[in-house]
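Shown next: my_file_37.pdb, containing PDB, C-alpha atoms, pLDDT in the B column.
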```pdb
ATOM      1  CA  LEU C  18     -75.587 -33.831-104.596  1.00 38.00           C
ATOM      2  CA  LYS C  19     -77.319 -30.504-104.066  1.00 43.00           C
ATOM      3  CA  ARG C  20     -78.266 -31.528-100.550  1.00 48.00           C
ATOM      4  CA  LEU C  21     -74.614 -32.408 -99.786  1.00 43.00           C
ATOM      5  CA  MET C  22     -73.256 -29.202-101.369  1.00 46.00           C
ATOM      6  CA  THR C  23     -75.465 -26.887 -99.377  1.00 51.00           C
ATOM      7  CA  PRO C  24     -74.042 -27.740 -95.924  1.00 51.00           C
ATOM      8  CA  ILE C  25     -70.531 -27.761 -97.300  1.00 50.00           C
ATOM      9  CA  ALA C  26     -71.010 -24.379 -98.952  1.00 50.00           C
ATOM     10  CA  ALA C  27     -72.507 -22.959 -95.820  1.00 48.00           C
ATOM     11  CA  SER C  28     -69.598 -24.239 -93.746  1.00 53.00           C
ATOM     12  CA  CYS C  29     -67.077 -22.797 -96.165  1.00 50.00           C
ATOM     13  CA  ALA C  30     -68.883 -19.498 -96.202  1.00 48.00           C
ATOM     14  CA  CYS C  31     -68.871 -19.308 -92.399  1.00 47.00           C
ATOM     15  CA  GLN C  32     -65.166 -20.131 -92.266  1.00 55.00           C
ATOM     16  CA  PHE C  33     -64.416 -17.531 -94.908  1.00 46.00           C
ATOM     17  CA  LEU C  34     -66.384 -14.890 -93.051  1.00 47.00           C
ATOM     18  CA  SER C  35     -64.670 -15.661 -89.752  1.00 51.00           C
ATOM     19  CA  GLN C  36     -61.253 -15.443 -91.368  1.00 54.00           C
ATOM     20  CA  GLY C  37     -62.249 -12.143 -92.984  1.00 50.00           C
ATOM     21  CA  VAL C  38     -63.362 -10.701 -89.650  1.00 44.00           C
ATOM     22  CA  SER C  39     -60.150 -11.750 -87.898  1.00 52.00           C
ATOM     23  CA  PHE C  40     -58.149 -10.316 -90.799  1.00 47.00           C
ATOM     24  CA  CYS C  41     -59.963  -7.015 -90.456  1.00 49.00           C
ATOM     25  CA  ARG C  42     -59.359  -6.963 -86.692  1.00 55.00           C
ATOM     26  CA  ASP C  43     -55.646  -7.655 -87.154  1.00 57.00           C
ATOM     27  CA  ARG C  44     -55.434  -4.891 -89.726  1.00 58.00           C
ATOM     28  CA  ILE C  45     -57.170  -2.403 -87.444  1.00 54.00           C
ATOM     29  CA  ASP C  46     -54.903  -3.346 -84.498  1.00 59.00           C
ATOM     30  CA  ARG C  47     -51.799  -2.956 -86.671  1.00 63.00           C
ATOM     31  CA  GLN C  48     -52.979   0.471 -87.833  1.00 63.00           C
ATOM     32  CA  GLN C  49     -53.616   1.633 -84.265  1.00 66.00           C
ATOM     33  CA  SER C  50     -50.227   0.323 -83.149  1.00 59.00           C
ATOM     34  CA  THR C  51     -48.552   2.129 -86.050  1.00 65.00           C
ATOM     35  CA  ARG C  52     -50.265   5.428 -85.189  1.00 71.00           C
ATOM     36  CA  MET C  53     -49.328   5.145 -81.506  1.00 66.00           C
ATOM     37  CA  LEU C  54     -45.692   4.358 -82.360  1.00 62.00           C
ATOM     38  CA  ALA C  55     -45.535   7.347 -84.699  1.00 64.00           C
ATOM     39  CA  GLN C  56     -46.982   9.623 -81.987  1.00 68.00           C
ATOM     40  CA  ILE C  57     -44.401   8.428 -79.440  1.00 58.00           C
ATOM     41  CA  GLN C  58     -41.614   9.036 -81.925  1.00 60.00           C
ATOM     42  CA  ARG C  59     -42.854  12.581 -82.626  1.00 65.00           C
ATOM     43  CA  GLN C  60     -43.026  13.353 -78.889  1.00 59.00           C
ATOM     44  CA  SER C  61     -39.518  12.022 -78.227  1.00 54.00           C
ATOM     45  CA  LEU C  62     -38.202  13.978 -81.211  1.00 53.00           C
ATOM     46  CA  GLY C  63     -39.794  17.202 -79.939  1.00 53.00           C
ATOM     47  CA  THR C  64     -38.325  16.663 -76.455  1.00 47.00           C
ATOM     48  CA  SER C  65     -34.841  16.109 -77.824  1.00 46.00           C
ATOM     49  CA  ARG C  66     -35.075  19.451 -79.634  1.00 50.00           C
ATOM     50  CA  GLY C  67     -35.917  21.280 -76.426  1.00 49.00           C
ATOM     51  CA  GLN C  68     -39.666  21.392 -77.077  1.00 52.00           C
ATOM     52  CA  VAL C  69     -42.009  20.318 -74.368  1.00 50.00           C
ATOM     53  CA  PRO C  70     -44.558  17.840 -75.713  1.00 49.00           C
ATOM     54  CA  VAL C  71     -48.089  19.041 -75.464  1.00 50.00           C
ATOM     55  CA  ARG C  72     -50.190  16.773 -73.335  1.00 54.00           C
ATOM     56  CA  PRO C  73     -53.902  16.956 -73.065  1.00 49.00           C
ATOM     57  CA  ALA C  74     -54.965  18.645 -69.892  1.00 48.00           C
ATOM     58  CA  PRO C  75     -56.504  16.235 -67.427  1.00 50.00           C
ATOM     59  CA  ILE C  76     -60.135  16.685 -66.671  1.00 45.00           C
ATOM     60  CA  SER C  77     -60.453  18.233 -63.252  1.00 45.00           C
ATOM     61  CA  THR C  78     -62.989  20.140 -61.295  1.00 45.00           C
ATOM     62  CA  GLN C  79     -62.202  23.850 -61.097  1.00 48.00           C
ATOM     63  CA  LEU C  80     -62.650  25.404 -57.675  1.00 46.00           C
ATOM     64  CA  VAL C  81     -63.889  28.944 -57.558  1.00 47.00           C
ATOM     65  CA  GLN C  82     -61.941  30.856 -54.886  1.00 52.00           C
ATOM     66  CA  GLN C  83     -64.165  33.029 -52.786  1.00 52.00           C
ATOM     67  CA  PRO C  84     -62.910  36.580 -52.142  1.00 50.00           C
ATOM     68  CA  ARG C  85     -61.463  37.100 -48.680  1.00 48.00           C
ATOM     69  CA  ARG C  86     -63.247  39.324 -46.280  1.00 45.00           C
ATOM     70  CA  ALA C  87     -61.359  42.352 -45.054  1.00 38.00           C
ATOM     71  CA  ILE C  88     -60.545  42.123 -41.357  1.00 39.00           C
ATOM     72  CA  SER C  89     -60.034  45.360 -39.495  1.00 36.00           C
ATOM     73  CA  LEU C  90     -57.474  45.203 -36.693  1.00 38.00           C
ATOM     74  CA  ILE C  91     -57.894  47.555 -33.782  1.00 39.00           C
ATOM     75  CA  THR C  92     -54.720  48.262 -31.816  1.00 39.00           C
ATOM     76  CA  ARG C  93     -55.407  49.135 -28.243  1.00 45.00           C
ATOM     77  CA  ALA C  94     -52.924  50.647 -25.875  1.00 53.00           C
ATOM     78  CA  SER C  95     -51.882  48.563 -22.889  1.00 87.00           C
ATOM     79  CA  THR C  96     -53.642  49.543 -19.694  1.00 89.00           C
ATOM     80  CA  MET C  97     -53.226  48.903 -15.996  1.00 91.00           C
ATOM     81  CA  SER C  98     -55.342  49.425 -12.922  1.00 92.00           C
ATOM     82  CA  VAL C  99     -54.436  52.227 -10.525  1.00 90.00           C
ATOM     83  CA  ASN C 100     -54.667  49.602  -7.789  1.00 91.00           C
ATOM     84  CA  ASP C 101     -51.455  48.107  -9.250  1.00 90.00           C
ATOM     85  CA  PHE C 102     -49.452  51.343  -9.122  1.00 91.00           C
ATOM     86  CA  LYS C 103     -45.802  51.112  -8.083  1.00 89.00           C
ATOM     87  CA  THR C 104     -43.190  53.804  -7.691  1.00 87.00           C
ATOM     88  CA  GLY C 105     -41.494  54.397 -11.030  1.00 84.00           C
ATOM     89  CA  VAL C 106     -44.346  53.138 -13.216  1.00 88.00           C
ATOM     90  CA  THR C 107     -44.742  55.207 -16.402  1.00 90.00           C
ATOM     91  CA  ILE C 108     -48.301  56.017 -17.503  1.00 92.00           C
ATOM     92  CA  GLU C 109     -49.792  58.192 -20.222  1.00 93.00           C
ATOM     93  CA  ILE C 110     -52.221  61.028 -19.512  1.00 91.00           C
ATOM     94  CA  ASP C 111     -53.528  63.361 -22.226  1.00 89.00           C
ATOM     95  CA  GLY C 112     -50.843  62.177 -24.637  1.00 88.00           C
ATOM     96  CA  ALA C 113     -47.914  62.816 -22.271  1.00 90.00           C
ATOM     97  CA  PRO C 114     -45.816  60.312 -20.275  1.00 92.00           C
ATOM     98  CA  PHE C 115     -45.842  60.588 -16.477  1.00 92.00           C
ATOM     99  CA  ARG C 116     -43.828  58.741 -13.861  1.00 90.00           C
ATOM    100  CA  VAL C 117     -45.484  57.762 -10.589  1.00 92.00           C
ATOM    101  CA  LEU C 118     -43.406  59.275  -7.761  1.00 89.00           C
ATOM    102  CA  GLU C 119     -45.756  58.613  -4.856  1.00 92.00           C
ATOM    103  CA  PHE C 120     -49.146  56.964  -4.416  1.00 93.00           C
ATOM    104  CA  LEU C 121     -51.545  56.345  -1.564  1.00 93.00           C
ATOM    105  CA  HIS C 122     -54.615  54.102  -1.508  1.00 92.00           C
ATOM    106  CA  VAL C 123     -57.438  55.718   0.441  1.00 91.00           C
ATOM    107  CA  LYS C 124     -60.579  53.888   1.534  1.00 90.00           C
ATOM    108  CA  PRO C 125     -62.882  56.257   3.408  1.00 87.00           C
ATOM    109  CA  GLY C 126     -65.616  55.078   5.725  1.00 82.00           C
ATOM    110  CA  LYS C 127     -68.220  56.453   3.343  1.00 84.00           C
ATOM    111  CA  GLY C 128     -67.917  56.709  -0.393  1.00 85.00           C
ATOM    112  CA  ALA C 129     -65.774  54.951  -2.969  1.00 89.00           C
ATOM    113  CA  ALA C 130     -62.067  54.235  -2.584  1.00 91.00           C
ATOM    114  CA  PHE C 131     -59.555  56.318  -4.515  1.00 93.00           C
ATOM    115  CA  VAL C 132     -55.809  56.577  -5.141  1.00 93.00           C
ATOM    116  CA  ARG C 133     -53.941  59.825  -4.529  1.00 94.00           C
ATOM    117  CA  THR C 134     -50.743  60.173  -6.562  1.00 94.00           C
ATOM    118  CA  LYS C 135     -47.832  62.473  -7.215  1.00 94.00           C
ATOM    119  CA  LEU C 136     -46.741  62.382 -10.856  1.00 93.00           C
ATOM    120  CA  LYS C 137     -43.803  63.772 -12.818  1.00 89.00           C
ATOM    121  CA  ASN C 138     -44.242  64.908 -16.399  1.00 89.00           C
ATOM    122  CA  LEU C 139     -41.308  63.386 -18.296  1.00 86.00           C
ATOM    123  CA  LEU C 140     -41.550  65.930 -21.113  1.00 85.00           C
ATOM    124  CA  ASN C 141     -41.281  69.179 -19.170  1.00 81.00           C
ATOM    125  CA  GLY C 142     -40.158  67.925 -15.740  1.00 79.00           C
ATOM    126  CA  SER C 143     -43.091  69.420 -13.817  1.00 85.00           C
ATOM    127  CA  ASN C 144     -44.738  67.641 -10.887  1.00 89.00           C
ATOM    128  CA  GLN C 145     -48.449  67.434 -10.245  1.00 91.00           C
ATOM    129  CA  GLU C 146     -50.867  65.663  -7.950  1.00 93.00           C
ATOM    130  CA  LYS C 147     -53.755  63.664  -9.335  1.00 93.00           C
ATOM    131  CA  THR C 148     -56.484  61.537  -7.800  1.00 93.00           C
ATOM    132  CA  PHE C 149     -57.874  58.423  -9.484  1.00 94.00           C
ATOM    133  CA  ARG C 150     -60.959  56.399  -8.717  1.00 92.00           C
ATOM    134  CA  GLY C 151     -60.272  53.011  -7.179  1.00 90.00           C
ATOM    135  CA  GLY C 152     -59.936  50.351  -9.876  1.00 90.00           C
ATOM    136  CA  GLU C 153     -59.696  52.906 -12.687  1.00 91.00           C
ATOM    137  CA  ASN C 154     -57.665  51.843 -15.720  1.00 93.00           C
ATOM    138  CA  VAL C 155     -54.995  54.091 -17.235  1.00 93.00           C
ATOM    139  CA  ASN C 156     -52.823  53.752 -20.332  1.00 93.00           C
ATOM    140  CA  ILE C 157     -49.241  52.578 -19.964  1.00 92.00           C
ATOM    141  CA  ALA C 158     -46.840  54.924 -21.746  1.00 90.00           C
ATOM    142  CA  ASP C 159     -45.080  53.323 -24.706  1.00 88.00           C
ATOM    143  CA  VAL C 160     -41.575  53.961 -23.407  1.00 87.00           C
ATOM    144  CA  SER C 161     -38.586  52.004 -24.703  1.00 88.00           C
ATOM    145  CA  ARG C 162     -35.153  51.762 -23.119  1.00 89.00           C
ATOM    146  CA  ARG C 163     -31.656  51.527 -24.592  1.00 91.00           C
ATOM    147  CA  GLU C 164     -28.250  51.398 -22.996  1.00 93.00           C
ATOM    148  CA  GLY C 165     -26.425  54.714 -22.813  1.00 93.00           C
ATOM    149  CA  GLN C 166     -23.409  56.286 -21.154  1.00 93.00           C
ATOM    150  CA  PHE C 167     -23.092  59.556 -19.288  1.00 94.00           C
ATOM    151  CA  THR C 168     -20.090  61.254 -20.899  1.00 93.00           C
ATOM    152  CA  TYR C 169     -19.884  64.743 -19.374  1.00 92.00           C
ATOM    153  CA  ALA C 170     -21.911  67.685 -18.058  1.00 90.00           C
ATOM    154  CA  GLU C 171     -22.009  71.311 -19.183  1.00 89.00           C
ATOM    155  CA  GLY C 172     -23.646  73.359 -16.488  1.00 87.00           C
ATOM    156  CA  ASP C 173     -27.119  71.921 -15.971  1.00 87.00           C
ATOM    157  CA  GLU C 174     -27.017  69.934 -19.210  1.00 91.00           C
ATOM    158  CA  TYR C 175     -25.988  66.289 -19.129  1.00 93.00           C
ATOM    159  CA  VAL C 176     -24.634  64.687 -22.304  1.00 94.00           C
ATOM    160  CA  PHE C 177     -25.335  61.005 -22.965  1.00 94.00           C
ATOM    161  CA  MET C 178     -24.162  58.711 -25.745  1.00 93.00           C
ATOM    162  CA  ASP C 179     -26.423  56.016 -27.182  1.00 91.00           C
ATOM    163  CA  MET C 180     -24.389  52.790 -27.061  1.00 90.00           C
ATOM    164  CA  GLU C 181     -26.173  51.457 -30.183  1.00 88.00           C
ATOM    165  CA  SER C 182     -26.159  54.446 -32.540  1.00 88.00           C
ATOM    166  CA  TYR C 183     -23.365  56.451 -30.795  1.00 90.00           C
ATOM    167  CA  ASN C 184     -25.517  59.570 -31.071  1.00 89.00           C
ATOM    168  CA  GLU C 185     -25.251  62.213 -28.361  1.00 91.00           C
ATOM    169  CA  THR C 186     -28.271  63.468 -26.449  1.00 90.00           C
ATOM    170  CA  ARG C 187     -28.491  66.416 -24.069  1.00 91.00           C
ATOM    171  CA  LEU C 188     -30.865  66.456 -21.133  1.00 90.00           C
ATOM    172  CA  GLY C 189     -31.482  69.020 -18.426  1.00 89.00           C
ATOM    173  CA  ARG C 190     -30.369  67.969 -14.970  1.00 88.00           C
ATOM    174  CA  ASP C 191     -32.968  66.043 -12.985  1.00 85.00           C
ATOM    175  CA  ASP C 192     -32.101  65.138  -9.414  1.00 84.00           C
ATOM    176  CA  THR C 193     -34.100  61.914  -9.607  1.00 82.00           C
ATOM    177  CA  TRP C 194     -31.287  60.402 -11.707  1.00 87.00           C
ATOM    178  CA  ALA C 195     -28.438  62.972 -11.850  1.00 89.00           C
ATOM    179  CA  ARG C 196     -27.618  62.613  -8.146  1.00 89.00           C
ATOM    180  CA  TYR C 197     -26.439  59.041  -8.742  1.00 89.00           C
ATOM    181  CA  LEU C 198     -24.481  59.460 -12.008  1.00 91.00           C
ATOM    182  CA  LYS C 199     -20.800  60.195 -12.475  1.00 90.00           C
ATOM    183  CA  GLU C 200     -18.905  60.513 -15.729  1.00 90.00           C
ATOM    184  CA  GLY C 201     -18.560  57.206 -17.547  1.00 90.00           C
ATOM    185  CA  ALA C 202     -21.523  55.600 -15.798  1.00 91.00           C
ATOM    186  CA  VAL C 203     -23.688  53.276 -17.903  1.00 92.00           C
ATOM    187  CA  CYS C 204     -27.430  53.836 -17.583  1.00 92.00           C
ATOM    188  CA  SER C 205     -30.712  53.305 -19.458  1.00 91.00           C
ATOM    189  CA  LEU C 206     -32.004  55.980 -21.838  1.00 92.00           C
ATOM    190  CA  MET C 207     -35.796  56.212 -21.959  1.00 89.00           C
ATOM    191  CA  PHE C 208     -37.296  56.914 -25.396  1.00 90.00           C
ATOM    192  CA  TYR C 209     -40.785  58.219 -26.038  1.00 89.00           C
ATOM    193  CA  ASP C 210     -42.003  59.061 -29.533  1.00 86.00           C
ATOM    194  CA  GLY C 211     -38.455  58.587 -30.828  1.00 84.00           C
ATOM    195  CA  LYS C 212     -36.850  61.050 -28.372  1.00 87.00           C
ATOM    196  CA  VAL C 213     -34.888  60.612 -25.146  1.00 88.00           C
ATOM    197  CA  ILE C 214     -37.029  61.937 -22.321  1.00 87.00           C
ATOM    198  CA  SER C 215     -35.349  60.611 -19.188  1.00 87.00           C
ATOM    199  CA  VAL C 216     -32.648  58.419 -17.718  1.00 89.00           C
ATOM    200  CA  GLU C 217     -32.713  55.443 -15.393  1.00 88.00           C
ATOM    201  CA  PRO C 218     -29.530  55.013 -13.322  1.00 88.00           C
ATOM    202  CA  PRO C 219     -28.239  51.542 -12.462  1.00 87.00           C
ATOM    203  CA  ASN C 220     -30.002  49.798  -9.584  1.00 86.00           C
ATOM    204  CA  PHE C 221     -26.803  49.911  -7.546  1.00 90.00           C
ATOM    205  CA  VAL C 222     -23.932  52.411  -7.718  1.00 90.00           C
ATOM    206  CA  GLU C 223     -20.720  52.871  -5.744  1.00 91.00           C
ATOM    207  CA  LEU C 224     -19.911  56.498  -4.931  1.00 92.00           C
ATOM    208  CA  GLU C 225     -17.256  58.168  -2.820  1.00 92.00           C
ATOM    209  CA  VAL C 226     -18.064  60.287   0.213  1.00 93.00           C
ATOM    210  CA  VAL C 227     -16.300  63.629  -0.214  1.00 92.00           C
ATOM    211  CA  ASP C 228     -17.593  65.560   2.777  1.00 91.00           C
ATOM    212  CA  THR C 229     -19.154  64.359   6.022  1.00 92.00           C
ATOM    213  CA  PRO C 230     -18.752  65.375   9.683  1.00 91.00           C
ATOM    214  CA  PRO C 231     -16.310  63.260  11.695  1.00 86.00           C
ATOM    215  CA  GLY C 232     -17.773  60.323  13.524  1.00 71.00           C
ATOM    216  CA  VAL C 233     -17.947  60.076  17.292  1.00 65.00           C
ATOM    217  CA  LYS C 234     -15.499  57.671  18.954  1.00 55.00           C
ATOM    218  CA  GLY C 235     -17.093  54.322  19.619  1.00 54.00           C
ATOM    219  CA  ASN C 236     -19.469  54.387  16.677  1.00 55.00           C
ATOM    220  CA  THR C 237     -19.774  51.002  14.931  1.00 56.00           C
ATOM    221  CA  ALA C 238     -21.798  49.551  12.114  1.00 55.00           C
ATOM    222  CA  SER C 239     -24.233  48.093  14.614  1.00 57.00           C
ATOM    223  CA  GLY C 240     -24.736  51.426  16.324  1.00 58.00           C
ATOM    224  CA  GLY C 241     -27.640  53.742  15.566  1.00 67.00           C
ATOM    225  CA  GLY C 242     -27.784  57.283  14.317  1.00 80.00           C
ATOM    226  CA  SER C 243     -26.947  58.918  11.003  1.00 87.00           C
ATOM    227  CA  LYS C 244     -25.332  62.026   9.588  1.00 91.00           C
ATOM    228  CA  PRO C 245     -25.364  63.864   6.250  1.00 92.00           C
ATOM    229  CA  ALA C 246     -22.745  63.042   3.664  1.00 92.00           C
ATOM    230  CA  LYS C 247     -21.951  64.684   0.358  1.00 92.00           C
ATOM    231  CA  LEU C 248     -21.154  62.359  -2.517  1.00 92.00           C
ATOM    232  CA  GLU C 249     -18.804  62.887  -5.475  1.00 91.00           C
ATOM    233  CA  THR C 250     -21.827  63.553  -7.692  1.00 89.00           C
ATOM    234  CA  GLY C 251     -22.858  66.496  -5.511  1.00 87.00           C
ATOM    235  CA  ALA C 252     -25.828  64.731  -3.917  1.00 88.00           C
ATOM    236  CA  THR C 253     -26.299  64.699  -0.147  1.00 90.00           C
ATOM    237  CA  ILE C 254     -27.611  61.605   1.600  1.00 90.00           C
ATOM    238  CA  SER C 255     -27.773  60.226   5.126  1.00 91.00           C
ATOM    239  CA  VAL C 256     -25.114  57.732   6.163  1.00 92.00           C
ATOM    240  CA  PRO C 257     -24.274  55.901   9.393  1.00 90.00           C
ATOM    241  CA  LEU C 258     -22.095  57.752  11.892  1.00 89.00           C
ATOM    242  CA  PHE C 259     -19.032  55.564  11.297  1.00 89.00           C
ATOM    243  CA  ILE C 260     -18.684  56.569   7.600  1.00 90.00           C
ATOM    244  CA  GLU C 261     -15.702  58.855   6.943  1.00 90.00           C
ATOM    245  CA  ASN C 262     -14.437  60.979   4.083  1.00 91.00           C
ATOM    246  CA  GLY C 263     -12.887  59.059   1.212  1.00 91.00           C
ATOM    247  CA  GLU C 264     -14.911  55.893   1.792  1.00 91.00           C
ATOM    248  CA  LYS C 265     -16.981  54.388  -1.011  1.00 92.00           C
ATOM    249  CA  ILE C 266     -20.506  53.300  -0.268  1.00 91.00           C
ATOM    250  CA  LYS C 267     -22.957  51.185  -2.263  1.00 91.00           C
ATOM    251  CA  ILE C 268     -26.305  52.894  -2.878  1.00 88.00           C
ATOM    252  CA  ASP C 269     -29.588  51.349  -3.959  1.00 87.00           C
ATOM    253  CA  THR C 270     -31.089  53.862  -6.424  1.00 84.00           C
ATOM    254  CA  ARG C 271     -34.509  52.186  -6.736  1.00 76.00           C
TER
END
```
Using structure tokens, write down the structure from this file.
Amino acid sequence: LKRLMTPIAASCACQFLSQGVSFCRDRIDRQQSTRMLAQIQRQSLGTSRGQVPVRPAPISTQLVQQPRRAISLITRASTMSVNDFKTGVTIEIDGAPFRVLEFLHVKPGKGAAFVRTKLKNLLNGSNQEKTFRGGENVNIADVSRREGQFTYAEGDEYVFMDMESYNETRLGRDDTWARYLKEGAVCSLMFYDGKVISVEPPNFVELEVVDTPPGVKGNTASGGGSKPAKLETGATISVPLFIENGEKIKIDTR
């Protein structure tokens, strides 16, 4: 009997232990499920009250941002070679703007080439001659242009109106542009360092001839010869012989 009871007891004991273990596991799972459900309910309750649920921050690698190196920017004035000079180009010499009136490239038999120029100071209106070495670079004057209108003249002063700001500017008469302007003409105002320094007339203007000698009979447009003619602006130019008083002519101001 003892020999039979021992295996039976052992079997019962094993079954009891296995049931106890499964019972413990079920209890632990139910407890974990209960805690998780309670946590979800608390989070939803906090959200409904306007509170943002606190979530554990995810584990991430923090990147250390290296300080940026300071970069120094050097602004250089625009330059051009004297070999590229053209009439009307504005350059800067000793802090003043100059307009190229005439230039001549000279290449002697001996020695280096050079460029002989005639310049006009746009600040004081004076002319001067200057010689540059061939290939020498010069600064281009920082001159801006805005549309303006010649309104009237008082003696040797010409009054212009800026078409953007409607401000008036007075400039002393300069034959390089005044000879082609009549009241109401639209032109370009040249600004340097925030001030109007000169005027550029339109490329083409139509002006009336007010005084010119009578033409000789038989003169035609195809014929040669010229004669002086005074324009309504007061300038005197050469015109063909067939032009008469009262006629309007188209002039290229460039």
Sorted per-residue table, region 186-230 of chain C near region 130-147 of chain C, closest atoms and distance, 9 Å, only C-alpha atoms, as JSON lines:
```
{"residue": "C:Asp191", "atom": "CA", "partner": "C:Gly142", "partner_atom": "CA", "distance": 7.9}
{"residue": "C:Ile214", "atom": "CA", "partner": "C:Leu139", "partner_atom": "CA", "distance": 6.1}
{"residue": "C:Ser215", "atom": "CA", "partner": "C:Leu139", "partner_atom": "CA", "distance": 6.6}
```
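The gap separating CA of Glu119 (chain C) from CA of Val99 (chain C) is 12.2 Å, in Å to one decimal.
Distance annotation: of C:Asn100, C:Ser95, C:Asn156, C:Thr229, the residue with the minimal separation from Gly112 (chain C) is C:Asn156; atom set is all atoms listed in the file.
Counting from CA of Tyr209 (chain C), the distance to CA of Ala113 (chain C) is 9.3 Å.
In this comparison, which uses all atoms listed in the file, the residue of C:Pro218, C:Pro230, C:Pro125, C:Gly151 approaching Gly165 (chain C) most closely is C:Pro218.
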For a cutoff of 12 Å around the file-coordinate point (-23.1, 58.3, -21.2), which residues qualify once you count only C-alpha atoms? I'd like the result as a ChimeraX atom specification. /C:163-170,175-181,183-188,195,198-206,216-218
Where does the PyMOL selection byres ((chain C and resi 263) around 7) land in this file, that is, which residues does it pick, as a list in words? Glu225, Val226, Val227, Glu261, Asn262, Glu264 and Lys265 of chain C
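When CA of Phe149 (chain C) is paired with CA of Lys212 (chain C), their separation reads 28.4 Å.
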Pick from C:Phe120, C:Thr193, C:Phe115, C:Phe259 nearest to Lys103 (chain C), counting only C-alpha atoms: C:Phe120
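When only C-alpha atoms are used to compute distances to Asp192 (chain C), the closest of the residues C:Pro257, C:Gly251, C:Pro219, C:Pro231 turns out to be C:Gly251.
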List as a PyMOL selection string the residues having at least one atom at most 7 Å from position (-20.9, 64.1, 5.6) as given in the file, counting only C-alpha atoms. chain C and resi 228-230+244-247
